[in-house]
file model-v8.cif (mmCIF, N, CA and C atoms)
data_work
loop_
_atom_site.label_atom_id
_atom_site.label_comp_id
_atom_site.auth_asym_id
_atom_site.auth_seq_id
_atom_site.Cartn_x
_atom_site.Cartn_y
_atom_site.Cartn_z
N LEU A 1 77.66 -107.95 -78.98
CA LEU A 1 77.57 -109.23 -79.66
C LEU A 1 78.91 -109.65 -80.27
N GLU A 2 79.62 -108.66 -80.81
CA GLU A 2 80.93 -108.98 -81.39
C GLU A 2 81.89 -109.51 -80.34
N LYS A 3 81.88 -108.87 -79.18
CA LYS A 3 82.76 -109.31 -78.08
C LYS A 3 82.41 -110.73 -77.65
N GLN A 4 81.13 -111.00 -77.53
CA GLN A 4 80.71 -112.34 -77.13
C GLN A 4 81.08 -113.38 -78.19
N GLU A 5 81.00 -113.01 -79.46
CA GLU A 5 81.39 -113.93 -80.52
C GLU A 5 82.89 -114.22 -80.46
N LEU A 6 83.68 -113.20 -80.20
CA LEU A 6 85.13 -113.41 -80.04
C LEU A 6 85.42 -114.34 -78.86
N GLU A 7 84.73 -114.10 -77.79
CA GLU A 7 84.92 -114.94 -76.60
C GLU A 7 84.51 -116.38 -76.90
N ARG A 8 83.39 -116.56 -77.59
CA ARG A 8 82.94 -117.91 -77.93
C ARG A 8 83.98 -118.63 -78.78
N ARG A 9 84.52 -117.93 -79.78
CA ARG A 9 85.54 -118.53 -80.66
C ARG A 9 86.81 -118.89 -79.88
N PHE A 10 87.21 -117.99 -78.97
CA PHE A 10 88.40 -118.27 -78.16
C PHE A 10 88.21 -119.57 -77.39
N TRP A 11 87.09 -119.69 -76.67
CA TRP A 11 86.87 -120.87 -75.86
C TRP A 11 86.68 -122.11 -76.71
N GLU A 12 86.08 -121.94 -77.88
CA GLU A 12 85.93 -123.07 -78.79
C GLU A 12 87.30 -123.61 -79.21
N ASN A 13 88.23 -122.70 -79.50
CA ASN A 13 89.60 -123.10 -79.85
C ASN A 13 90.31 -123.78 -78.69
N GLU A 14 89.94 -123.42 -77.47
CA GLU A 14 90.53 -124.03 -76.27
C GLU A 14 89.87 -125.37 -75.92
N GLY A 15 88.82 -125.70 -76.65
CA GLY A 15 88.11 -126.95 -76.38
C GLY A 15 87.17 -126.87 -75.19
N VAL A 16 86.75 -125.66 -74.85
CA VAL A 16 85.86 -125.44 -73.70
C VAL A 16 84.48 -125.06 -74.20
N ASP A 17 83.46 -125.74 -73.68
CA ASP A 17 82.09 -125.37 -74.04
C ASP A 17 81.79 -123.95 -73.57
N TRP A 18 81.13 -123.21 -74.38
CA TRP A 18 80.81 -121.82 -74.06
C TRP A 18 79.36 -121.56 -74.40
N PHE A 19 78.67 -120.88 -73.52
CA PHE A 19 77.29 -120.51 -73.80
C PHE A 19 76.92 -119.29 -72.97
N ILE A 20 75.87 -118.64 -73.37
CA ILE A 20 75.36 -117.47 -72.64
C ILE A 20 74.33 -117.96 -71.64
N PHE A 21 74.48 -117.51 -70.44
CA PHE A 21 73.62 -117.92 -69.33
C PHE A 21 72.96 -116.67 -68.78
N THR A 22 71.64 -116.56 -68.86
CA THR A 22 70.94 -115.37 -68.39
C THR A 22 69.94 -115.75 -67.29
N GLU A 23 69.34 -114.74 -66.68
CA GLU A 23 68.38 -114.99 -65.61
C GLU A 23 67.16 -115.77 -66.10
N GLN A 24 66.89 -115.73 -67.41
CA GLN A 24 65.77 -116.51 -67.95
C GLN A 24 66.08 -118.01 -67.91
N ASP A 25 67.35 -118.37 -67.80
CA ASP A 25 67.76 -119.77 -67.78
C ASP A 25 67.77 -120.37 -66.38
N VAL A 26 67.52 -119.57 -65.37
CA VAL A 26 67.58 -120.04 -63.99
C VAL A 26 66.15 -120.10 -63.43
N PRO A 27 65.77 -121.24 -62.87
CA PRO A 27 64.43 -121.34 -62.28
C PRO A 27 64.24 -120.30 -61.16
N ALA A 28 63.04 -119.76 -61.08
CA ALA A 28 62.73 -118.72 -60.08
C ALA A 28 62.99 -119.22 -58.66
N ILE A 29 62.71 -120.48 -58.40
CA ILE A 29 62.95 -121.05 -57.06
C ILE A 29 64.44 -120.98 -56.72
N SER A 30 65.28 -121.29 -57.68
CA SER A 30 66.73 -121.24 -57.46
C SER A 30 67.17 -119.83 -57.09
N VAL A 31 66.67 -118.86 -57.82
CA VAL A 31 67.03 -117.47 -57.58
C VAL A 31 66.60 -117.05 -56.17
N LYS A 32 65.39 -117.40 -55.78
CA LYS A 32 64.90 -117.04 -54.45
C LYS A 32 65.74 -117.70 -53.35
N ASN A 33 66.08 -118.96 -53.54
CA ASN A 33 66.88 -119.66 -52.54
C ASN A 33 68.28 -119.06 -52.44
N ILE A 34 68.88 -118.76 -53.56
CA ILE A 34 70.22 -118.17 -53.55
C ILE A 34 70.19 -116.78 -52.91
N ARG A 35 69.17 -116.01 -53.21
CA ARG A 35 69.03 -114.68 -52.59
C ARG A 35 68.82 -114.79 -51.08
N TRP A 36 68.20 -115.86 -50.64
CA TRP A 36 67.97 -116.08 -49.21
C TRP A 36 69.26 -116.46 -48.51
N LEU A 37 70.14 -117.18 -49.21
CA LEU A 37 71.38 -117.66 -48.61
C LEU A 37 72.56 -116.69 -48.75
N ALA A 38 72.70 -116.09 -49.90
CA ALA A 38 73.90 -115.31 -50.23
C ALA A 38 74.29 -114.27 -49.18
N PRO A 39 73.36 -113.50 -48.65
CA PRO A 39 73.78 -112.49 -47.66
C PRO A 39 74.37 -113.07 -46.38
N HIS A 40 74.21 -114.37 -46.18
CA HIS A 40 74.66 -114.99 -44.93
C HIS A 40 75.97 -115.75 -45.05
N MET A 41 76.58 -115.70 -46.21
CA MET A 41 77.86 -116.40 -46.41
C MET A 41 78.89 -115.96 -45.37
N HIS A 42 78.95 -114.67 -45.11
CA HIS A 42 79.94 -114.12 -44.18
C HIS A 42 79.28 -113.45 -42.97
N SER A 43 78.10 -113.86 -42.62
CA SER A 43 77.37 -113.18 -41.54
C SER A 43 77.93 -113.49 -40.16
N TYR A 44 78.67 -114.58 -40.02
CA TYR A 44 79.28 -114.93 -38.75
C TYR A 44 80.74 -115.29 -38.98
N ASP A 45 81.54 -115.14 -37.96
CA ASP A 45 82.93 -115.59 -38.00
C ASP A 45 83.13 -116.42 -36.75
N LEU A 46 82.72 -117.66 -36.82
CA LEU A 46 82.70 -118.53 -35.65
C LEU A 46 84.04 -119.22 -35.43
N GLU A 47 84.44 -119.26 -34.19
CA GLU A 47 85.64 -120.02 -33.82
C GLU A 47 85.32 -121.51 -33.93
N ASP A 48 86.34 -122.33 -34.03
CA ASP A 48 86.16 -123.76 -34.27
C ASP A 48 85.17 -124.42 -33.32
N GLY A 49 85.34 -124.22 -32.04
CA GLY A 49 84.47 -124.87 -31.05
C GLY A 49 83.02 -124.45 -31.19
N GLU A 50 82.79 -123.16 -31.33
CA GLU A 50 81.43 -122.65 -31.46
C GLU A 50 80.81 -123.12 -32.79
N ARG A 51 81.62 -123.11 -33.85
CA ARG A 51 81.12 -123.55 -35.15
C ARG A 51 80.68 -125.00 -35.09
N VAL A 52 81.52 -125.86 -34.53
CA VAL A 52 81.21 -127.29 -34.46
C VAL A 52 79.99 -127.54 -33.58
N SER A 53 79.93 -126.92 -32.42
CA SER A 53 78.80 -127.18 -31.52
C SER A 53 77.49 -126.66 -32.10
N THR A 54 77.51 -125.51 -32.75
CA THR A 54 76.29 -124.96 -33.36
C THR A 54 75.84 -125.83 -34.53
N PHE A 55 76.79 -126.20 -35.37
CA PHE A 55 76.48 -127.08 -36.50
C PHE A 55 75.89 -128.40 -36.01
N GLU A 56 76.51 -129.00 -35.01
CA GLU A 56 76.05 -130.29 -34.50
C GLU A 56 74.67 -130.19 -33.85
N SER A 57 74.40 -129.09 -33.14
CA SER A 57 73.09 -128.96 -32.51
C SER A 57 71.98 -128.81 -33.57
N ILE A 58 72.26 -128.10 -34.64
CA ILE A 58 71.26 -127.97 -35.72
C ILE A 58 71.10 -129.31 -36.44
N ALA A 59 72.21 -129.98 -36.72
CA ALA A 59 72.16 -131.28 -37.40
C ALA A 59 71.36 -132.30 -36.58
N LYS A 60 71.54 -132.29 -35.27
CA LYS A 60 70.83 -133.22 -34.39
C LYS A 60 69.33 -132.97 -34.42
N VAL A 61 68.95 -131.71 -34.41
CA VAL A 61 67.53 -131.35 -34.45
C VAL A 61 66.91 -131.78 -35.78
N LEU A 62 67.64 -131.58 -36.87
CA LEU A 62 67.13 -131.97 -38.19
C LEU A 62 66.99 -133.48 -38.31
N ASP A 63 67.92 -134.20 -37.72
CA ASP A 63 67.95 -135.65 -37.85
C ASP A 63 66.72 -136.33 -37.24
N GLY A 64 66.22 -135.82 -36.17
CA GLY A 64 65.15 -136.52 -35.47
C GLY A 64 63.75 -136.02 -35.73
N ASN A 65 63.56 -135.11 -36.66
CA ASN A 65 62.25 -134.48 -36.84
C ASN A 65 61.91 -134.33 -38.32
N SER A 66 61.83 -135.40 -39.04
CA SER A 66 61.78 -135.36 -40.50
C SER A 66 60.60 -134.58 -41.09
N GLN A 67 59.44 -134.62 -40.47
CA GLN A 67 58.26 -133.97 -41.05
C GLN A 67 58.04 -132.53 -40.58
N GLU A 68 58.82 -132.10 -39.61
CA GLU A 68 58.62 -130.76 -39.03
C GLU A 68 59.25 -129.70 -39.92
N LYS A 69 58.58 -128.56 -40.00
CA LYS A 69 59.11 -127.44 -40.79
C LYS A 69 60.34 -126.85 -40.10
N LEU A 70 61.27 -126.45 -40.92
CA LEU A 70 62.56 -125.94 -40.44
C LEU A 70 62.44 -124.79 -39.44
N PRO A 71 61.65 -123.75 -39.72
CA PRO A 71 61.59 -122.63 -38.76
C PRO A 71 61.08 -123.04 -37.37
N VAL A 72 60.17 -124.01 -37.34
CA VAL A 72 59.63 -124.48 -36.05
C VAL A 72 60.74 -125.16 -35.25
N LEU A 73 61.47 -126.04 -35.90
CA LEU A 73 62.56 -126.75 -35.22
C LEU A 73 63.63 -125.80 -34.70
N LEU A 74 63.98 -124.84 -35.53
CA LEU A 74 65.06 -123.92 -35.14
C LEU A 74 64.60 -122.94 -34.07
N LYS A 75 63.33 -122.58 -34.09
CA LYS A 75 62.78 -121.72 -33.01
C LYS A 75 62.80 -122.48 -31.68
N ASP A 76 62.42 -123.76 -31.72
CA ASP A 76 62.48 -124.59 -30.51
C ASP A 76 63.90 -124.69 -29.98
N LEU A 77 64.87 -124.79 -30.88
CA LEU A 77 66.27 -124.84 -30.48
C LEU A 77 66.69 -123.52 -29.83
N ASP A 78 66.21 -122.40 -30.37
CA ASP A 78 66.48 -121.10 -29.76
C ASP A 78 65.99 -121.08 -28.31
N VAL A 79 64.78 -121.55 -28.11
CA VAL A 79 64.20 -121.57 -26.76
C VAL A 79 65.01 -122.48 -25.85
N LYS A 80 65.32 -123.68 -26.34
CA LYS A 80 66.06 -124.66 -25.55
C LYS A 80 67.43 -124.13 -25.13
N GLN A 81 68.09 -123.37 -26.01
CA GLN A 81 69.42 -122.86 -25.70
C GLN A 81 69.40 -121.41 -25.21
N ASN A 82 68.20 -120.91 -24.92
CA ASN A 82 68.03 -119.55 -24.39
C ASN A 82 68.68 -118.49 -25.30
N LYS A 83 68.39 -118.60 -26.60
CA LYS A 83 68.89 -117.65 -27.60
C LYS A 83 67.72 -116.81 -28.10
N ALA A 84 68.02 -115.68 -28.68
CA ALA A 84 66.99 -114.83 -29.26
C ALA A 84 66.30 -115.58 -30.40
N THR A 85 64.99 -115.36 -30.56
CA THR A 85 64.25 -116.00 -31.64
C THR A 85 64.88 -115.65 -32.98
N GLY A 86 65.10 -116.67 -33.77
CA GLY A 86 65.69 -116.49 -35.09
C GLY A 86 67.19 -116.74 -35.16
N THR A 87 67.81 -116.91 -34.01
CA THR A 87 69.27 -117.11 -33.98
C THR A 87 69.69 -118.34 -34.77
N HIS A 88 69.06 -119.47 -34.52
CA HIS A 88 69.46 -120.70 -35.19
C HIS A 88 69.04 -120.72 -36.65
N LEU A 89 67.98 -120.01 -37.00
CA LEU A 89 67.63 -119.88 -38.41
C LEU A 89 68.72 -119.11 -39.15
N GLN A 90 69.25 -118.07 -38.50
CA GLN A 90 70.35 -117.31 -39.11
C GLN A 90 71.60 -118.18 -39.22
N TYR A 91 71.88 -118.98 -38.19
CA TYR A 91 73.00 -119.92 -38.27
C TYR A 91 72.79 -120.92 -39.41
N PHE A 92 71.56 -121.43 -39.51
CA PHE A 92 71.26 -122.38 -40.59
C PHE A 92 71.54 -121.75 -41.95
N ARG A 93 71.11 -120.51 -42.13
CA ARG A 93 71.34 -119.82 -43.40
C ARG A 93 72.84 -119.64 -43.64
N HIS A 94 73.57 -119.29 -42.60
CA HIS A 94 75.02 -119.12 -42.70
C HIS A 94 75.70 -120.44 -43.10
N PHE A 95 75.37 -121.51 -42.41
CA PHE A 95 75.96 -122.80 -42.71
C PHE A 95 75.54 -123.30 -44.09
N SER A 96 74.31 -123.08 -44.46
CA SER A 96 73.83 -123.50 -45.77
C SER A 96 74.53 -122.74 -46.89
N ALA A 97 74.78 -121.45 -46.66
CA ALA A 97 75.51 -120.66 -47.65
C ALA A 97 76.93 -121.19 -47.84
N GLN A 98 77.44 -121.89 -46.83
CA GLN A 98 78.77 -122.49 -46.90
C GLN A 98 78.70 -123.99 -47.21
N ASN A 99 77.55 -124.43 -47.67
CA ASN A 99 77.31 -125.83 -48.09
C ASN A 99 77.41 -126.85 -46.97
N ALA A 100 77.14 -126.46 -45.76
CA ALA A 100 77.11 -127.42 -44.66
C ALA A 100 75.78 -128.18 -44.68
N PHE A 101 74.70 -127.47 -44.92
CA PHE A 101 73.38 -128.07 -45.07
C PHE A 101 72.96 -127.85 -46.51
N ILE A 102 72.48 -128.90 -47.14
CA ILE A 102 72.14 -128.80 -48.56
C ILE A 102 70.74 -129.36 -48.81
N TRP A 103 70.11 -128.86 -49.85
CA TRP A 103 68.84 -129.38 -50.34
C TRP A 103 68.75 -129.04 -51.81
N ASP A 104 67.75 -129.54 -52.47
CA ASP A 104 67.58 -129.27 -53.90
C ASP A 104 67.06 -127.85 -54.07
N ILE A 105 67.97 -126.90 -54.21
CA ILE A 105 67.58 -125.50 -54.29
C ILE A 105 66.86 -125.15 -55.59
N HIS A 106 66.88 -126.07 -56.55
CA HIS A 106 66.23 -125.81 -57.83
C HIS A 106 64.75 -126.17 -57.82
N SER A 107 64.33 -127.00 -56.89
CA SER A 107 62.92 -127.41 -56.88
C SER A 107 62.22 -127.22 -55.54
N LYS A 108 62.98 -126.98 -54.48
CA LYS A 108 62.37 -126.87 -53.14
C LYS A 108 62.63 -125.48 -52.57
N PRO A 109 61.58 -124.64 -52.46
CA PRO A 109 61.78 -123.30 -51.91
C PRO A 109 62.11 -123.34 -50.42
N HIS A 110 62.95 -122.42 -49.98
CA HIS A 110 63.34 -122.39 -48.56
C HIS A 110 62.14 -122.18 -47.65
N THR A 111 61.09 -121.58 -48.15
CA THR A 111 59.91 -121.29 -47.33
C THR A 111 59.12 -122.54 -46.97
N SER A 112 59.37 -123.65 -47.64
CA SER A 112 58.63 -124.87 -47.33
C SER A 112 59.53 -126.02 -46.88
N LEU A 113 60.77 -125.69 -46.49
CA LEU A 113 61.70 -126.73 -46.08
C LEU A 113 61.26 -127.44 -44.81
N LYS A 114 61.37 -128.75 -44.86
CA LYS A 114 61.18 -129.58 -43.68
C LYS A 114 62.51 -130.25 -43.41
N ALA A 115 62.65 -130.78 -42.22
CA ALA A 115 63.90 -131.43 -41.84
C ALA A 115 64.29 -132.52 -42.83
N LYS A 116 63.32 -133.25 -43.34
CA LYS A 116 63.60 -134.35 -44.26
C LYS A 116 64.18 -133.88 -45.59
N ASP A 117 63.99 -132.60 -45.93
CA ASP A 117 64.47 -132.05 -47.20
C ASP A 117 65.95 -131.65 -47.14
N VAL A 118 66.49 -131.57 -45.95
CA VAL A 118 67.84 -131.04 -45.75
C VAL A 118 68.80 -132.20 -45.46
N ALA A 119 69.94 -132.16 -46.15
CA ALA A 119 70.99 -133.16 -45.92
C ALA A 119 72.23 -132.44 -45.37
N ILE A 120 73.06 -133.21 -44.73
CA ILE A 120 74.31 -132.66 -44.20
C ILE A 120 75.41 -132.99 -45.19
N SER A 121 76.18 -132.00 -45.52
CA SER A 121 77.30 -132.18 -46.44
C SER A 121 78.29 -133.19 -45.86
N ASP A 122 78.77 -134.08 -46.71
CA ASP A 122 79.75 -135.08 -46.26
C ASP A 122 80.98 -134.43 -45.66
N TYR A 123 81.46 -133.35 -46.28
CA TYR A 123 82.66 -132.68 -45.77
C TYR A 123 82.44 -132.12 -44.37
N TRP A 124 81.26 -131.58 -44.13
CA TRP A 124 80.99 -131.02 -42.81
C TRP A 124 80.78 -132.13 -41.79
N GLN A 125 80.22 -133.23 -42.23
CA GLN A 125 79.97 -134.33 -41.31
C GLN A 125 81.26 -134.89 -40.74
N ILE A 126 82.29 -134.94 -41.56
CA ILE A 126 83.57 -135.45 -41.07
C ILE A 126 84.51 -134.32 -40.63
N GLN A 127 83.94 -133.13 -40.53
CA GLN A 127 84.63 -131.94 -40.01
C GLN A 127 85.90 -131.60 -40.78
N GLU A 128 85.86 -131.77 -42.09
CA GLU A 128 87.00 -131.39 -42.93
C GLU A 128 86.68 -130.19 -43.79
N ALA A 129 85.58 -129.52 -43.51
CA ALA A 129 85.16 -128.39 -44.34
C ALA A 129 86.11 -127.21 -44.20
N ASN A 130 86.23 -126.47 -45.25
CA ASN A 130 86.99 -125.22 -45.21
C ASN A 130 86.03 -124.10 -44.90
N TYR A 131 85.97 -123.73 -43.65
CA TYR A 131 85.06 -122.69 -43.21
C TYR A 131 85.55 -121.35 -43.75
N VAL A 132 84.64 -120.59 -44.35
CA VAL A 132 84.98 -119.28 -44.89
C VAL A 132 84.71 -118.23 -43.82
N HIS A 133 85.78 -117.65 -43.31
CA HIS A 133 85.63 -116.65 -42.25
C HIS A 133 85.20 -115.31 -42.83
N ALA A 134 84.50 -114.56 -42.02
CA ALA A 134 84.02 -113.23 -42.44
C ALA A 134 85.17 -112.27 -42.62
#
call {"tool": "encode", "arguments": {"input": "model-v8.cif", "output": "structure tokens"}}
result
Amino acid sequence: LEKQELERRFWENEGVDWFIFTEQDVPAISVKNIRWLAPHMHSYDLEDGERVSTFESIAKVLDGNSQEKLPVLLKDLDVKQNKATGTHLQYFRHFSAQNAFIWDIHSKPHTSLKAKDVAISDYWQIQEANYVHA
């Protein structure tokens, strides 16, 4: 507690808001969504061409199927592109961990995502994103 009080005073003198943030302050849905995404931040190291084509194929599927659940759409994409089941879901998680696909992670659990719930990041749409390589 003494250390935290010293830290609080330091930041107060710097004009920076300071507060303690614990797991009780984070909605359970947020924690579950972050735990679902975090392991996939570095799960792939895609070259530019493969990254763009995979991103665009997922974005296209999401765009035209607003009421369909995400796993169904991505499984259909796996079949269409002759990939192992779950491949595009893993890509989706990887891209989402890098903020390519976004949704309200604080109120919408990943288990009930539909295409209409997911938006494409502006940076990724104009292909200016800084892709984090594995």
call {"tool": "closest_residue", "arguments": {"input": "model-v8.cif", "among": "A:Arg93, A:Lys114, A:Lys75, A:Lys108", "to": "Arg35 (chain A)", "atoms": "only C-alpha atoms"}}
result
A:Arg93
call {"tool": "axis_aligned_box", "arguments": {"input": "model-v8.cif", "around": "region 26-32 of chain A", "padding_each_side": "8 Å", "output": "lines of an AutoDock Vina configuration file"}}
result
center_x = 65.1
center_y = -119.2
center_z = -59.4
size_x = 20.9
size_y = 20.3
size_z = 28.0
call {"tool": "atom_distance", "arguments": {"input": "model-v8.cif", "atom1": "CA of Glu23 (chain A)", "atom2": "CA of Leu89 (chain A)"}}
result
27.6 Å
call {"tool": "select_by_dssp", "arguments": {"input": "model-v8.cif", "residues": "region 67-114 of chain A", "states": "strand (DSSP E or B)", "output": "number ranges by chain"}}
result
A: 69, 101-102, 114
call {"tool": "resolve_selection", "arguments": {"input": "model-v8.cif", "expression": "the PyMOL selection byres ((chain A and resi 97-101) around 6.5)", "output": "PyMOL selection string"}}
result
chain A and resi 37-38+40-41+92-96+102-103+118-121+124
call {"tool": "closest_residue", "arguments": {"input": "model-v8.cif", "among": "A:Leu6, A:Ala115, A:Tyr91, A:Val79", "to": "Val52 (chain A)", "atoms": "only C-alpha atoms"}}
result
A:Tyr91
call {"tool": "atom_distance", "arguments": {"input": "model-v8.cif", "atom1": "CA of Gly86 (chain A)", "atom2": "atom C of Val72 (chain A)"}}
result
10.0 Å
call {"tool": "resolve_selection", "arguments": {"input": "model-v8.cif", "expression": "the PyMOL selection byres ((chain A and resi 106) around 7)", "output": "PyMOL selection string"}}
result
chain A and resi 27+29-31+103-105+107-109
call {"tool": "atom_distance", "arguments": {"input": "model-v8.cif", "atom1": "atom N of Asp48 (chain A)", "atom2": "atom N of His88 (chain A)"}}
result
17.5 Å
call {"tool": "build_atoms", "arguments": {"input": "model-v8.cif", "residues": "region 107-119 of chain A", "atoms": "N, CA, C and O atoms", "output": "mmCIF file, in the frame of the given file"}}
result
data_model
loop_
_atom_site.group_PDB
_atom_site.id
_atom_site.type_symbol
_atom_site.label_atom_id
_atom_site.label_comp_id
_atom_site.auth_asym_id
_atom_site.auth_seq_id
_atom_site.Cartn_x
_atom_site.Cartn_y
_atom_site.Cartn_z
ATOM 1 N N SER A 107 64.330 -127.000 -56.890
ATOM 2 C CA SER A 107 62.920 -127.410 -56.880
ATOM 3 C C SER A 107 62.220 -127.220 -55.540
ATOM 4 O O SER A 107 61.003 -127.276 -55.479
ATOM 5 N N LYS A 108 62.980 -126.980 -54.480
ATOM 6 C CA LYS A 108 62.370 -126.870 -53.140
ATOM 7 C C LYS A 108 62.630 -125.480 -52.570
ATOM 8 O O LYS A 108 63.748 -125.137 -52.210
ATOM 9 N N PRO A 109 61.580 -124.640 -52.460
ATOM 10 C CA PRO A 109 61.780 -123.300 -51.910
ATOM 11 C C PRO A 109 62.110 -123.340 -50.420
ATOM 12 O O PRO A 109 61.593 -124.200 -49.690
ATOM 13 N N HIS A 110 62.950 -122.420 -49.980
ATOM 14 C CA HIS A 110 63.340 -122.390 -48.560
ATOM 15 C C HIS A 110 62.140 -122.180 -47.650
ATOM 16 O O HIS A 110 62.163 -122.590 -46.499
ATOM 17 N N THR A 111 61.090 -121.580 -48.150
ATOM 18 C CA THR A 111 59.910 -121.290 -47.330
ATOM 19 C C THR A 111 59.120 -122.540 -46.970
ATOM 20 O O THR A 111 58.288 -122.485 -46.055
ATOM 21 N N SER A 112 59.370 -123.650 -47.640
ATOM 22 C CA SER A 112 58.630 -124.870 -47.330
ATOM 23 C C SER A 112 59.530 -126.020 -46.880
ATOM 24 O O SER A 112 59.130 -127.173 -46.891
ATOM 25 N N LEU A 113 60.770 -125.690 -46.490
ATOM 26 C CA LEU A 113 61.700 -126.730 -46.080
ATOM 27 C C LEU A 113 61.260 -127.440 -44.810
ATOM 28 O O LEU A 113 60.867 -126.816 -43.830
ATOM 29 N N LYS A 114 61.370 -128.750 -44.860
ATOM 30 C CA LYS A 114 61.180 -129.580 -43.680
ATOM 31 C C LYS A 114 62.510 -130.250 -43.410
ATOM 32 O O LYS A 114 63.390 -130.301 -44.270
ATOM 33 N N ALA A 115 62.650 -130.780 -42.220
ATOM 34 C CA ALA A 115 63.900 -131.430 -41.840
ATOM 35 C C ALA A 115 64.290 -132.520 -42.830
ATOM 36 O O ALA A 115 65.455 -132.664 -43.183
ATOM 37 N N LYS A 116 63.320 -133.250 -43.340
ATOM 38 C CA LYS A 116 63.600 -134.350 -44.260
ATOM 39 C C LYS A 116 64.180 -133.880 -45.590
ATOM 40 O O LYS A 116 64.796 -134.644 -46.314
ATOM 41 N N ASP A 117 63.990 -132.600 -45.930
ATOM 42 C CA ASP A 117 64.470 -132.050 -47.200
ATOM 43 C C ASP A 117 65.950 -131.650 -47.140
ATOM 44 O O ASP A 117 66.555 -131.400 -48.178
ATOM 45 N N VAL A 118 66.490 -131.570 -45.950
ATOM 46 C CA VAL A 118 67.840 -131.040 -45.750
ATOM 47 C C VAL A 118 68.800 -132.200 -45.460
ATOM 48 O O VAL A 118 68.517 -133.070 -44.644
ATOM 49 N N ALA A 119 69.940 -132.160 -46.150
ATOM 50 C CA ALA A 119 70.990 -133.160 -45.920
ATOM 51 C C ALA A 119 72.230 -132.440 -45.370
ATOM 52 O O ALA A 119 72.399 -131.241 -45.567
#
